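*Asks:* Got a file for you: query.tsv, TSV, C-alpha atoms and all ligand atoms.
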chain	number	residue	atom	x	y	z
A	228	MET	CA	2.13	-11.39	6.04
A	229	ASN	CA	2.36	-8.26	8.23
A	230	GLN	CA	-0.99	-6.61	8.97
A	231	ILE	CA	-1.16	-2.91	9.82
A	232	LYS	CA	-3.98	-0.57	10.82
A	233	VAL	CA	-4.52	2.63	8.85
A	234	LYS	CA	-6.95	5.48	9.46
A	235	ILE	CA	-8.43	7.74	6.79
A	236	LYS	CA	-7.31	11.29	7.49
A	237	GLU	CA	-8.81	13.05	4.50
A	238	VAL	CA	-10.78	12.32	1.32
A	239	ILE	CA	-9.82	14.56	-1.63
A	240	ARG	CA	-11.89	14.65	-4.82
A	241	GLU	CA	-9.59	14.52	-7.84
A	242	THR	CA	-12.08	14.12	-10.70
A	243	ALA	CA	-15.79	13.30	-10.95
A	244	ASP	CA	-14.96	9.60	-10.57
A	245	ALA	CA	-11.67	9.52	-8.64
A	246	VAL	CA	-10.70	10.37	-5.06
A	247	SER	CA	-7.46	10.42	-3.13
A	248	ILE	CA	-7.54	8.98	0.37
A	249	VAL	CA	-4.90	10.33	2.75
A	250	LEU	CA	-3.91	7.83	5.42
A	251	ASP	CA	-2.41	7.72	8.88
A	252	PRO	CA	0.15	6.69	10.07
A	253	ALA	CA	2.23	9.34	8.29
A	254	ASP	CA	5.46	7.38	8.78
A	255	LEU	CA	4.44	4.35	6.69
A	256	ASN	CA	7.50	2.90	4.90
A	257	TYR	CA	7.08	2.09	1.20
A	258	LYS	CA	8.88	2.24	-2.12
A	259	PRO	CA	7.57	4.37	-5.00
A	260	GLY	CA	5.23	2.12	-7.01
A	261	GLN	CA	4.18	-0.16	-4.14
A	262	PHE	CA	0.57	-0.72	-3.10
A	263	LEU	CA	-1.55	-1.39	-0.03
A	264	THR	CA	-3.99	-4.25	0.19
A	265	LEU	CA	-6.85	-2.98	2.32
A	266	THR	CA	-9.80	-4.80	3.88
A	267	PHE	CA	-13.16	-3.01	3.64
A	268	ASN	CA	-16.30	-3.86	5.52
A	269	ILE	CA	-19.15	-3.16	3.11
A	270	ALA	CA	-22.69	-4.02	4.25
A	271	GLY	CA	-21.34	-6.70	6.61
A	272	GLU	CA	-19.08	-8.30	3.98
A	273	GLN	CA	-15.27	-8.15	4.24
A	274	VAL	CA	-13.59	-7.48	0.89
A	275	GLN	CA	-9.94	-6.88	0.03
A	276	ARG	CA	-8.58	-4.70	-2.75
A	277	SER	CA	-5.12	-3.43	-3.65
A	278	TYR	CA	-4.45	0.28	-4.26
A	279	SER	CA	-1.12	1.80	-5.27
A	280	LEU	CA	0.31	4.64	-3.24
A	281	SER	CA	0.25	7.79	-5.36
A	282	SER	CA	2.23	9.78	-2.76
A	283	ALA	CA	6.02	10.09	-2.47
A	284	GLN	CA	7.55	9.24	0.88
A	285	ALA	CA	10.76	11.00	-0.21
A	286	LEU	CA	8.83	14.30	-0.25
A	287	ASN	CA	7.35	13.63	3.22
A	288	GLU	CA	3.89	13.39	1.67
A	289	PRO	CA	1.41	11.50	3.86
A	290	PRO	CA	0.63	8.03	2.45
A	291	THR	CA	-2.16	8.44	-0.10
A	292	ILE	CA	-4.02	6.10	-2.42
A	293	THR	CA	-6.07	7.30	-5.39
A	294	VAL	CA	-9.10	5.29	-6.47
A	295	LYS	CA	-11.03	5.57	-9.72
A	296	LYS	CA	-14.62	4.37	-9.78
A	297	VAL	CA	-15.13	1.25	-11.92
A	298	ALA	CA	-18.66	0.84	-13.37
A	299	GLY	CA	-20.51	-1.55	-11.05
A	300	GLY	CA	-17.42	-1.90	-8.87
A	301	LYS	CA	-18.14	-2.73	-5.25
A	302	VAL	CA	-15.13	-1.21	-3.49
A	303	SER	CA	-14.22	1.62	-5.87
A	304	THR	CA	-17.83	2.87	-5.71
A	305	TYR	CA	-17.86	2.60	-1.91
A	306	ILE	CA	-14.59	4.55	-1.70
A	307	ASN	CA	-15.76	7.25	-4.12
A	308	ASP	CA	-19.28	7.69	-2.76
A	309	THR	CA	-19.39	6.66	0.89
A	310	ILE	CA	-16.12	6.39	2.77
A	311	THR	CA	-15.32	9.21	5.19
A	312	ALA	CA	-12.39	10.56	7.20
A	313	GLY	CA	-11.96	8.73	10.49
A	314	THR	CA	-12.67	5.25	9.04
A	315	GLU	CA	-10.16	2.64	10.23
A	316	LEU	CA	-9.02	-0.12	7.90
A	317	GLU	CA	-6.77	-3.16	8.06
A	318	SER	CA	-4.06	-3.48	5.44
A	319	PHE	CA	-1.10	-5.63	4.52
A	320	ALA	CA	2.18	-3.77	4.77
A	321	PRO	CA	3.12	-2.20	1.39
A	322	LEU	CA	3.90	-4.80	-1.29
A	323	GLY	CA	4.87	-4.97	-4.94
A	324	ASN	CA	7.84	-5.26	-7.26
A	325	PHE	CA	6.76	-2.52	-9.71
A	326	THR	CA	9.10	-0.07	-8.02
A	327	ILE	CA	12.05	2.13	-8.72
A	328	GLU	CA	15.05	2.71	-6.42
A	329	PRO	CA	16.16	6.37	-6.61
A	330	LYS	CA	19.91	7.06	-6.55
A	331	SER	CA	21.05	10.68	-6.65
A	332	SER	CA	24.20	9.87	-8.68
A	333	GLN	CA	22.21	8.13	-11.41
A	334	THR	CA	21.32	9.62	-14.81
A	335	ARG	CA	18.42	7.77	-16.40
A	336	GLN	CA	16.00	8.15	-19.24
A	337	ILE	CA	12.58	6.91	-18.32
A	338	VAL	CA	9.47	6.63	-20.48
A	339	MET	CA	6.18	5.96	-18.71
A	340	PHE	CA	2.89	4.90	-20.25
A	341	GLY	CA	-0.17	5.26	-18.01
A	342	ALA	CA	-3.90	4.93	-18.60
A	343	GLY	CA	-6.64	6.10	-16.23
A	344	SER	CA	-5.99	5.03	-12.64
A	345	GLY	CA	-2.71	3.47	-13.84
A	346	ILE	CA	-1.16	6.88	-13.15
A	347	THR	CA	-1.05	6.18	-9.39
A	348	PRO	CA	2.20	4.15	-9.04
A	349	LEU	CA	3.78	6.24	-11.84
A	350	MET	CA	2.94	9.47	-9.97
A	351	SER	CA	4.79	8.24	-6.89
A	352	MET	CA	7.80	7.30	-9.04
A	353	ILE	CA	7.77	10.60	-10.99
A	354	LYS	CA	7.71	12.79	-7.85
A	355	THR	CA	10.42	10.70	-6.19
A	356	LEU	CA	12.76	10.64	-9.19
A	357	LEU	CA	12.35	14.35	-9.94
A	358	ALA	CA	13.21	15.11	-6.30
A	359	LEU	CA	16.06	12.66	-5.82
A	360	GLU	CA	17.69	12.14	-9.23
A	361	PRO	CA	18.55	15.63	-10.53
A	362	ASN	CA	19.91	14.40	-13.89
A	363	THR	CA	17.21	11.89	-14.77
A	364	LYS	CA	14.80	12.69	-17.61
A	365	ILE	CA	11.23	11.41	-17.63
A	366	ALA	CA	8.53	11.38	-20.31
A	367	LEU	CA	4.97	10.46	-19.34
A	368	LEU	CA	2.46	9.40	-22.01
A	369	TYR	CA	-0.90	9.48	-20.27
A	370	ALA	CA	-4.11	8.14	-21.86
A	371	ASN	CA	-7.59	9.11	-20.67
A	372	SER	CA	-11.04	9.46	-22.18
A	373	ASN	CA	-11.53	13.25	-21.85
A	374	GLU	CA	-10.11	16.37	-20.23
A	375	ASP	CA	-12.18	15.98	-17.05
A	376	SER	CA	-11.04	12.42	-16.41
A	377	ILE	CA	-7.31	13.26	-16.21
A	378	ILE	CA	-6.24	12.51	-12.63
A	379	PHE	CA	-3.50	14.85	-11.28
A	380	TYR	CA	-3.73	17.17	-14.34
A	381	ASN	CA	-2.74	20.28	-12.33
A	382	GLN	CA	0.02	18.54	-10.38
A	383	LEU	CA	1.52	17.20	-13.61
A	384	GLU	CA	1.39	20.69	-15.19
A	385	GLN	CA	3.18	22.15	-12.17
A	386	LEU	CA	5.85	19.46	-12.23
A	387	GLN	CA	6.42	20.13	-15.94
A	388	LYS	CA	6.91	23.86	-15.26
A	389	LEU	CA	9.22	23.16	-12.35
A	390	HIS	CA	11.34	20.62	-14.25
A	391	ALA	CA	10.87	21.88	-17.80
A	392	ASN	CA	14.13	20.46	-19.14
A	393	ARG	CA	13.62	16.96	-17.78
A	394	PHE	CA	9.92	16.17	-17.41
A	395	GLN	CA	7.55	16.00	-20.34
A	396	VAL	CA	3.88	14.97	-20.29
A	397	ILE	CA	1.96	14.02	-23.42
A	398	HIS	CA	-1.79	13.56	-22.91
A	399	ILE	CA	-3.75	11.36	-25.30
A	400	LEU	CA	-7.55	11.50	-25.11
A	401	SER	CA	-9.92	9.01	-26.71
A	402	LYS	CA	-13.09	11.16	-26.45
A	403	PRO	CA	-11.98	14.78	-25.98
A	404	SER	CA	-14.16	17.88	-26.17
A	405	SER	CA	-14.11	19.96	-29.36
A	406	ASN	CA	-11.69	22.42	-27.65
A	407	TRP	CA	-8.95	19.81	-27.23
A	408	VAL	CA	-5.80	20.59	-29.21
A	409	GLY	CA	-3.67	17.68	-28.00
A	410	LEU	CA	-3.39	14.12	-29.26
A	411	THR	CA	-6.56	12.14	-29.84
A	412	GLY	CA	-7.26	8.42	-30.19
A	413	ARG	CA	-6.89	5.10	-28.47
A	414	ILE	CA	-3.38	3.90	-27.88
A	415	ASN	CA	-2.36	1.08	-30.19
A	416	LYS	CA	1.03	-0.21	-31.24
A	417	ASP	CA	1.35	2.16	-34.24
A	418	MET	CA	0.53	5.13	-32.03
A	419	VAL	CA	3.24	4.00	-29.60
A	420	LEU	CA	5.82	4.38	-32.40
A	421	GLN	CA	4.54	7.90	-33.20
A	422	LEU	CA	4.56	8.86	-29.52
A	423	ILE	CA	8.13	7.74	-28.96
A	424	GLU	CA	9.13	9.97	-31.91
A	425	GLN	CA	7.70	12.97	-30.04
A	426	ILE	CA	10.13	12.57	-27.18
A	427	PRO	CA	13.10	14.86	-27.93
A	428	VAL	CA	15.84	12.90	-26.23
A	429	VAL	CA	16.99	9.83	-28.08
A	430	TYR	CA	15.36	7.39	-25.72
A	431	ALA	CA	14.70	4.19	-27.64
A	432	ASN	CA	17.02	1.45	-26.45
A	433	LYS	CA	18.62	3.44	-23.64
A	434	ALA	CA	15.43	4.18	-21.73
A	435	ALA	CA	13.64	2.15	-19.12
A	436	TYR	CA	9.90	1.81	-19.76
A	437	TYR	CA	7.22	1.70	-17.04
A	438	ILE	CA	3.66	0.82	-18.04
A	439	CYS	CA	0.49	0.71	-15.93
A	440	GLY	CA	-3.13	0.48	-16.97
A	441	PRO	CA	-5.73	-2.00	-18.22
A	442	ASP	CA	-4.46	-5.18	-19.89
A	443	GLY	CA	-5.56	-4.18	-23.42
A	444	PHE	CA	-3.66	-0.89	-23.17
A	445	MET	CA	-0.56	-2.58	-21.78
A	446	ASN	CA	-0.55	-5.21	-24.51
A	447	GLU	CA	-0.66	-2.51	-27.22
A	448	VAL	CA	2.19	-0.59	-25.58
A	449	LYS	CA	4.26	-3.77	-25.21
A	450	SER	CA	3.63	-4.68	-28.88
A	451	GLY	CA	4.73	-1.19	-29.95
A	452	LEU	CA	7.90	-1.42	-27.86
A	453	SER	CA	8.70	-4.84	-29.28
A	454	LEU	CA	8.44	-3.36	-32.82
A	455	LEU	CA	11.04	-0.84	-31.67
A	456	LYS	CA	13.14	-3.81	-30.51
A	457	ILE	CA	13.28	-2.55	-26.95
A	458	ASP	CA	14.99	-5.10	-24.75
A	459	SER	CA	12.33	-6.72	-22.54
A	460	THR	CA	14.55	-6.34	-19.46
A	461	ASN	CA	13.99	-2.57	-19.82
A	462	ILE	CA	10.21	-2.91	-19.76
A	463	HIS	CA	8.43	-2.95	-16.39
A	464	PHE	CA	4.69	-3.16	-15.98
A	465	GLU	CA	1.86	-3.67	-13.54
A	466	SER	CA	-1.68	-4.68	-14.39
A	467	PHE	CA	-4.68	-3.55	-12.36
A	468	ASN	CA	-6.93	-6.03	-14.19
A	469	LEU	CA	-7.02	-9.42	-12.66
A	470	THR	CA	-6.90	-12.27	-15.11
A	471	LYS	CA	-7.69	-15.38	-13.16
A	472	GLY	CA	-5.33	-18.25	-14.02
A	473	SER	CA	-6.79	-20.53	-16.65
A	474	ASP	CA	-7.42	-24.01	-15.25
A	475	ASP	CA	-4.27	-26.09	-15.46
A	476	ASN	CA	-4.51	-29.52	-17.10
A	477	THR	CA	-1.13	-30.84	-15.94
A	478	SER	CA	-1.93	-30.79	-12.22
A	479	ILE	CA	-3.27	-33.76	-10.25
A	480	ASP	CA	-5.53	-34.42	-7.25
A	481	SER	CA	-3.49	-33.73	-4.15
A	482	GLU	CA	-3.60	-33.63	-0.37
A	483	VAL	CA	-2.14	-30.24	0.51
A	484	THR	CA	-0.96	-29.39	4.02
A	485	ILE	CA	-0.91	-25.65	4.72
A	486	LYS	CA	0.90	-24.26	7.75
A	487	TYR	CA	-0.22	-20.72	8.53
A	488	ARG	CA	-0.14	-18.74	11.78
A	489	LYS	CA	0.65	-21.71	14.05
A	490	SER	CA	-2.26	-23.73	12.54
A	491	THR	CA	-2.00	-26.69	10.19
A	492	HIS	CA	-4.77	-27.40	7.67
A	493	VAL	CA	-5.01	-30.37	5.33
A	494	ILE	CA	-7.16	-29.75	2.25
A	495	HIS	CA	-8.05	-31.61	-0.93
A	496	VAL	CA	-6.91	-29.76	-4.06
A	497	PRO	CA	-8.55	-31.28	-7.16
A	498	ALA	CA	-6.67	-31.48	-10.48
A	499	GLY	CA	-7.06	-28.20	-12.39
A	500	LYS	CA	-7.95	-26.12	-9.30
A	501	THR	CA	-5.68	-23.63	-7.56
A	502	ILE	CA	-4.60	-24.11	-3.96
A	503	LEU	CA	-6.25	-20.82	-2.97
A	504	GLU	CA	-9.64	-21.63	-4.48
A	505	SER	CA	-9.52	-25.10	-2.86
A	506	ALA	CA	-8.65	-23.55	0.52
A	507	GLN	CA	-11.54	-21.11	0.15
A	508	ALA	CA	-13.90	-23.97	-0.78
A	509	ALA	CA	-12.77	-25.76	2.41
A	510	LYS	CA	-13.30	-22.53	4.41
A	511	VAL	CA	-9.62	-22.39	5.31
A	512	ASN	CA	-8.56	-18.79	5.74
A	513	ILE	CA	-5.22	-17.99	4.08
A	514	PRO	CA	-4.04	-14.56	2.94
A	515	TYR	CA	-4.74	-13.31	-0.57
A	516	SER	CA	-5.60	-10.11	-2.37
A	517	CYS	CA	-5.49	-9.73	-6.15
A	518	GLN	CA	-6.05	-13.44	-7.00
A	519	GLY	CA	-4.26	-12.73	-10.24
A	520	GLY	CA	-0.57	-13.28	-9.49
A	521	VAL	CA	0.21	-9.58	-9.11
A	522	CYS	CA	0.38	-8.70	-5.45
A	523	SER	CA	2.27	-11.56	-3.65
A	524	ALA	CA	-0.16	-11.48	-0.69
A	525	CYS	CA	-0.77	-15.24	-1.11
A	526	MET	CA	2.92	-16.16	-1.25
A	527	GLY	CA	4.05	-19.30	0.55
A	528	ARG	CA	6.97	-21.75	0.36
A	529	CYS	CA	6.57	-25.25	-0.92
A	530	THR	CA	8.50	-27.33	1.64
A	531	SER	CA	7.53	-30.77	0.28
A	532	GLY	CA	6.10	-32.05	-3.03
A	533	LYS	CA	5.79	-29.93	-6.16
A	534	VAL	CA	3.63	-26.94	-7.11
A	535	LYS	CA	3.36	-25.32	-10.53
A	536	VAL	CA	2.70	-21.57	-10.62
A	537	SER	CA	1.02	-20.29	-13.79
A	538	ASP	CA	3.23	-18.15	-16.08
A	539	GLU	CA	0.69	-15.32	-15.78
A	540	GLN	CA	2.22	-14.37	-12.43
A	541	SER	CA	4.36	-11.25	-12.06
A	542	ALA	CA	4.71	-11.17	-8.26
A	543	LEU	CA	7.58	-13.61	-7.69
A	544	SER	CA	11.18	-12.89	-8.65
A	545	SER	CA	13.25	-15.68	-10.23
A	546	GLY	CA	15.25	-15.85	-6.96
A	547	GLU	CA	12.06	-16.45	-4.99
A	548	ILE	CA	10.94	-19.15	-7.43
A	549	ASP	CA	14.36	-20.85	-7.13
A	550	ASN	CA	13.95	-20.79	-3.33
A	551	GLY	CA	10.65	-22.66	-3.51
A	552	TYR	CA	8.25	-19.74	-3.14
A	553	ILE	CA	4.85	-20.15	-4.80
A	554	LEU	CA	1.60	-18.22	-5.14
A	555	THR	CA	-1.47	-20.11	-3.93
A	556	CYS	CA	-3.76	-18.03	-6.20
A	557	LEU	CA	-2.06	-19.36	-9.34
A	558	GLY	CA	-0.52	-22.50	-7.79
A	559	TYR	CA	-1.49	-26.05	-8.85
A	560	ALA	CA	-0.35	-29.32	-7.21
A	561	LEU	CA	1.87	-31.59	-9.28
A	562	THR	CA	2.40	-34.34	-6.66
A	563	PRO	CA	-0.13	-36.38	-4.59
A	564	LYS	CA	1.09	-34.71	-1.41
A	565	VAL	CA	2.27	-31.10	-1.01
A	566	GLU	CA	3.27	-29.05	2.02
A	567	ILE	CA	3.20	-25.27	2.05
A	568	ALA	CA	4.35	-22.87	4.74
A	569	ILE	CA	2.85	-19.36	4.72
A	570	GLU	CA	4.59	-16.75	6.88
B	1	LIG	C1	-1.55	-4.21	-7.58
B	1	LIG	C2	-2.81	-3.43	-7.86
B	1	LIG	C3	-2.84	-2.05	-7.65
B	1	LIG	C4	-4.01	-1.32	-7.91
B	1	LIG	N1	-4.00	0.03	-7.73
B	1	LIG	C5	-5.11	0.74	-8.02
B	1	LIG	C6	-5.11	2.16	-7.86
B	1	LIG	O1	-4.11	2.77	-7.46
B	1	LIG	N2	-6.25	2.85	-8.15
B	1	LIG	C7	-7.39	2.19	-8.59
B	1	LIG	O2	-8.40	2.87	-8.82
B	1	LIG	N3	-7.40	0.86	-8.75
B	1	LIG	C8	-6.30	0.11	-8.46
B	1	LIG	N4	-6.33	-1.25	-8.59
B	1	LIG	C9	-7.60	-1.91	-8.95
B	1	LIG	C10	-8.39	-2.18	-7.66
B	1	LIG	O3	-7.71	-3.11	-6.83
B	1	LIG	C11	-9.78	-2.78	-7.92
B	1	LIG	O4	-9.64	-3.89	-8.78
B	1	LIG	C12	-10.72	-1.75	-8.54
B	1	LIG	O5	-10.91	-0.64	-7.66
B	1	LIG	C13	-12.11	-2.40	-8.82
B	1	LIG	O6	-12.61	-2.92	-7.62
B	1	LIG	P1	-14.17	-2.93	-7.37
B	1	LIG	O7	-14.43	-3.68	-6.11
B	1	LIG	O8	-14.71	-1.55	-7.46
B	1	LIG	O9	-14.71	-3.75	-8.62
B	1	LIG	P2	-15.30	-5.25	-8.59
B	1	LIG	O10	-16.61	-5.22	-7.87
B	1	LIG	O11	-14.22	-6.17	-8.13
B	1	LIG	O12	-15.51	-5.49	-10.15
B	1	LIG	C14	-16.64	-4.94	-10.87
B	1	LIG	C15	-16.42	-5.04	-12.35
B	1	LIG	O13	-15.33	-4.21	-12.78
B	1	LIG	C16	-14.32	-4.95	-13.47
B	1	LIG	N5	-13.01	-4.44	-12.98
B	1	LIG	C17	-12.40	-4.77	-11.82
B	1	LIG	N6	-11.24	-4.09	-11.69
B	1	LIG	C18	-11.14	-3.30	-12.76
B	1	LIG	C19	-10.18	-2.33	-13.17
B	1	LIG	N7	-9.08	-2.06	-12.47
B	1	LIG	N8	-10.41	-1.68	-14.35
B	1	LIG	C20	-11.52	-1.94	-15.08
B	1	LIG	N9	-12.46	-2.83	-14.73
B	1	LIG	C21	-12.28	-3.50	-13.60
B	1	LIG	C22	-14.56	-6.38	-13.06
B	1	LIG	O14	-14.15	-7.28	-14.08
B	1	LIG	C23	-16.06	-6.43	-12.84
B	1	LIG	O15	-16.74	-6.60	-14.05
B	1	LIG	C24	-5.17	-2.00	-8.36
B	1	LIG	C25	-5.15	-3.39	-8.54
B	1	LIG	C26	-3.99	-4.10	-8.29
B	1	LIG	C27	-3.99	-5.59	-8.49
B	2	LIG	S1	-3.37	-13.06	-4.29
B	2	LIG	FE1	-2.12	-11.60	-5.26
B	2	LIG	S2	-0.52	-12.80	-6.06
B	2	LIG	FE2	-1.87	-14.22	-5.24
Is it possible to give me this structure as structure tokens?
*Replies:*
Amino acid sequence: MNQIKVKIKEVIRETADAVSIVLDPADLNYKPGQFLTLTFNIAGEQVQRSYSLSSAQALNEPPTITVKKVAGGKVSTYINDTITAGTELESFAPLGNFTIEPKSSQTRQIVMFGAGSGITPLMSMIKTLLALEPNTKIALLYANSNEDSIIFYNQLEQLQKLHANRFQVIHILSKPSSNWVGLTGRINKDMVLQLIEQIPVVYANKAAYYICGPDGFMNEVKSGLSLLKIDSTNIHFESFNLTKGSDDNTSIDSEVTIKYRKSTHVIHVPAGKTILESAQAAKVNIPYSCQGGVCSACMGRCTSGKVKVSDEQSALSSGEIDNGYILTCLGYALTPKVEIAIE
């Protein structure tokens, strides 16, 4: 896994509980929708977290992440309250499959559902597509609690004015002020049906859907889209919540050999435990980030024996699975001996 160094150039307050962090180097290569996995040193403890890039490389914007404070959250609170320009951080190179490849000749209809900080990867995609795909139409349905918590409100308004015939934003607030004239409520599957009706172009089956937000929100949106019989291949999503894999009861006790950075470690992986948690228990340092099958930072290749990866994963493509790639964070041993190579 490639490590890079980044330096904080600027901290920009977006809302009372969200900041954007502008990073150097300016020439970082990433796809719209990808994220960085950064290591923070907080009170002597090293912690890793993933943050999506909200900037658009296609517009020559400097790489920027946007972080919303989570109640009681260690890193999001540190970033919102303490971090300053000049701080240097380690990061994995940009990762993630929740991306979109712009092609100027393409005409697409795209419907995005975002909630709270889930706007970040969508923002990068929106800016890129509006700039590079002149015929593509995008609708963004963006859920927040109140007017003040809407990240990028002004930028989204400007983009709507600039691309009035092909970019539409519908805000939905769960606890708006009494002055709010827009849509109110929490998104559930019935509301999804009503929202789709508000989009003037006949999207339904033709559109591609991109969803990002907390798991509960995403499940409601997915249920609504399944009522509309949207083909699941047209639905793309990324979760920021990390559901740890439920213990697996088909795995067995195993001796797992891990080859990583010219070192070889042999660890005991008990039945029902993941390879990553067993490596951590044995104080063997292997890469990881989300621990929830989202980011691919813990990816390795099973070169001998058999490993089962929980279905909750969304980081590996079917091609990667066919080629023996596994995730240690959701990977369980199925044979008494297993060998894994981590690049
Ligand atoms: C691929 C990926 C991309 C991400 N991109 C962004 C981004 O662009 N902007 C952003 O703000 N966050 C993003 N996140 C979430 C981020 O990585 C952290 O999980 C989040 O900042 C909370 O970390 P923390 O250390 O503050 O909270 P922790 O100290 O880890 O957790 C404190 C409490 O908050 C809960 N919690 C943790 N994460 C969340 C969450 N996302 N929402 C609600 N409750 C939570 C925990 O269950 C726990 O109870 C992303 C996550 C992933 C996996
Ligand atoms: S640590 Fe993110 S997929 Fe395993």
*Asks:* Taking all atoms listed in the file into account, produce a table as CSV in which each residue of chain A with an atom at most 7 Å from an atom of ligand LIG 2 (chain B) appears once, together with its shortest atom pair and the distance in Å to one decimal, ordered by chain and rising number.
*Replies:*
residue,atom,partner,partner_atom,distance
A:Tyr515,CA,B:LIG2,S1,4.0
A:Ser516,CA,B:LIG2,S1,4.2
A:Cys517,CA,B:LIG2,FE1,4.0
A:Gln518,CA,B:LIG2,S1,3.8
A:Gly519,CA,B:LIG2,FE1,5.5
A:Gly520,CA,B:LIG2,S2,3.5
A:Val521,CA,B:LIG2,S2,4.5
A:Cys522,CA,B:LIG2,FE1,3.8
A:Ser523,CA,B:LIG2,S2,3.9
A:Ala524,CA,B:LIG2,FE1,5.0
A:Cys525,CA,B:LIG2,FE2,4.4
A:Met526,CA,B:LIG2,FE2,6.5
A:Ala542,CA,B:LIG2,S2,5.9
A:Leu554,CA,B:LIG2,FE2,5.3
A:Thr555,CA,B:LIG2,FE2,6.0
A:Cys556,CA,B:LIG2,FE2,4.4
A:Leu557,CA,B:LIG2,FE2,6.6
*Asks:* Neighbouring residues of ligand LIG 1 (chain B) are defined here as those with any atom at most 6 Å from a ligand atom, counting all atoms listed in the file; list them as a PDB file with C-alpha atoms, in the frame of the given file.
*Replies:*
ATOM      1  CA  PHE A 262       0.570  -0.720  -3.100  1.00  0.00           C
ATOM      2  CA  ARG A 276      -8.580  -4.700  -2.750  1.00  0.00           C
ATOM      3  CA  SER A 277      -5.120  -3.430  -3.650  1.00  0.00           C
ATOM      4  CA  TYR A 278      -4.450   0.280  -4.260  1.00  0.00           C
ATOM      5  CA  SER A 279      -1.120   1.800  -5.270  1.00  0.00           C
ATOM      6  CA  THR A 293      -6.070   7.300  -5.390  1.00  0.00           C
ATOM      7  CA  VAL A 294      -9.100   5.290  -6.470  1.00  0.00           C
ATOM      8  CA  LYS A 295     -11.030   5.570  -9.720  1.00  0.00           C
ATOM      9  CA  VAL A 297     -15.130   1.250 -11.920  1.00  0.00           C
ATOM     10  CA  GLY A 299     -20.510  -1.550 -11.050  1.00  0.00           C
ATOM     11  CA  GLY A 300     -17.420  -1.900  -8.870  1.00  0.00           C
ATOM     12  CA  LYS A 301     -18.140  -2.730  -5.250  1.00  0.00           C
ATOM     13  CA  VAL A 302     -15.130  -1.210  -3.490  1.00  0.00           C
ATOM     14  CA  SER A 303     -14.220   1.620  -5.870  1.00  0.00           C
ATOM     15  CA  THR A 304     -17.830   2.870  -5.710  1.00  0.00           C
ATOM     16  CA  SER A 344      -5.990   5.030 -12.640  1.00  0.00           C
ATOM     17  CA  THR A 347      -1.050   6.180  -9.390  1.00  0.00           C
ATOM     18  CA  PHE A 467      -4.680  -3.550 -12.360  1.00  0.00           C
ATOM     19  CA  ASN A 468      -6.930  -6.030 -14.190  1.00  0.00           C
ATOM     20  CA  CYS A 517      -5.490  -9.730  -6.150  1.00  0.00           C
ATOM     21  CA  VAL A 521       0.210  -9.580  -9.110  1.00  0.00           C
ATOM     22  CA  CYS A 522       0.380  -8.700  -5.450  1.00  0.00           C
TER      23      CYS A 522
END
*Asks:* Between A:Ala253, A:Ile397, A:Ile231, A:Ile269, single out the one closest to Pro321 of chain A, counting only C-alpha atoms.
*Replies:*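 Comparing A:Ala253, A:Ile397, A:Ile231, A:Ile269 against Pro321 of chain A, the winner is A:Ile231.
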*Asks:* Would you pick out the contacts of Arg528 of chain A at 10 Å or less, using only C-alpha atoms, so that residues sharing its chain but fewer than 2 positions from it are not included, and give the list as an MDAnalysis selection string?
*Replies:* chainID A and resid 485:486 526 530:531 534 547:548 550:555 566:570
*Asks:* Under the rule that only C-alpha atoms are counted, which of A:Asn324, A:Ser405, A:Thr477, A:Gln273 is the nearest residue to Ser544 of chain A?
*Replies:*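 Smallest distance to Ser544 of chain A is found for A:Asn324.
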*Asks:* If I put a ball of radius 8 Å at (2.2, 7.7, -21.3) in the file's coordinates, which residues poke into it when counting all atoms listed in the file, written as a PDB file with C-alpha atoms, keeping the file's coordinate frame?
*Replies:*
ATOM      1  CA  VAL A 338       9.470   6.630 -20.480  1.00  0.00           C
ATOM      2  CA  MET A 339       6.180   5.960 -18.710  1.00  0.00           C
ATOM      3  CA  PHE A 340       2.890   4.900 -20.250  1.00  0.00           C
ATOM      4  CA  GLY A 341      -0.170   5.260 -18.010  1.00  0.00           C
ATOM      5  CA  ALA A 342      -3.900   4.930 -18.600  1.00  0.00           C
ATOM      6  CA  ALA A 366       8.530  11.380 -20.310  1.00  0.00           C
ATOM      7  CA  LEU A 367       4.970  10.460 -19.340  1.00  0.00           C
ATOM      8  CA  LEU A 368       2.460   9.400 -22.010  1.00  0.00           C
ATOM      9  CA  TYR A 369      -0.900   9.480 -20.270  1.00  0.00           C
ATOM     10  CA  ALA A 370      -4.110   8.140 -21.860  1.00  0.00           C
ATOM     11  CA  VAL A 396       3.880  14.970 -20.290  1.00  0.00           C
ATOM     12  CA  ILE A 397       1.960  14.020 -23.420  1.00  0.00           C
ATOM     13  CA  HIS A 398      -1.790  13.560 -22.910  1.00  0.00           C
ATOM     14  CA  ILE A 438       3.660   0.820 -18.040  1.00  0.00           C
TER      15      ILE A 438
END
*Asks:* List as a PyMOL selection string: which residues have an atom within 12 Å of (4.3, 10.0, 9.6), counting all atoms listed in the file?
*Replies:* chain A and resi 233+236+249-257+284-291
*Asks:* Just give me the gap between atom CA of Glu447 of chain A and atom CA of Asn415 of chain A in Å, one decimal is fine.
*Replies:*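 Distance reported for this atom pair: 5.0 Å.
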*Asks:* Measure the distance from atom CA of Cys439 of chain A to atom CA of Asp244 of chain A in Å and round it to one decimal.
*Replies:*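 Atom CA of Asp244 of chain A lies at a distance of 18.6 Å from atom CA of Cys439 of chain A.
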*Asks:* Just give me the gap between atom CA of Thr501 of chain A and atom CA of Gly558 of chain A in Å, one decimal is fine.
*Replies:* 5.3 Å
*Asks:* Would you mind telling me which residue in A:Leu561, A:Ile479, A:Ile239, A:Ile502 lies nearest to Ile378 of chain A when using only C-alpha atoms?
*Replies:*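 The closest residue to Ile378 of chain A is A:Ile239.
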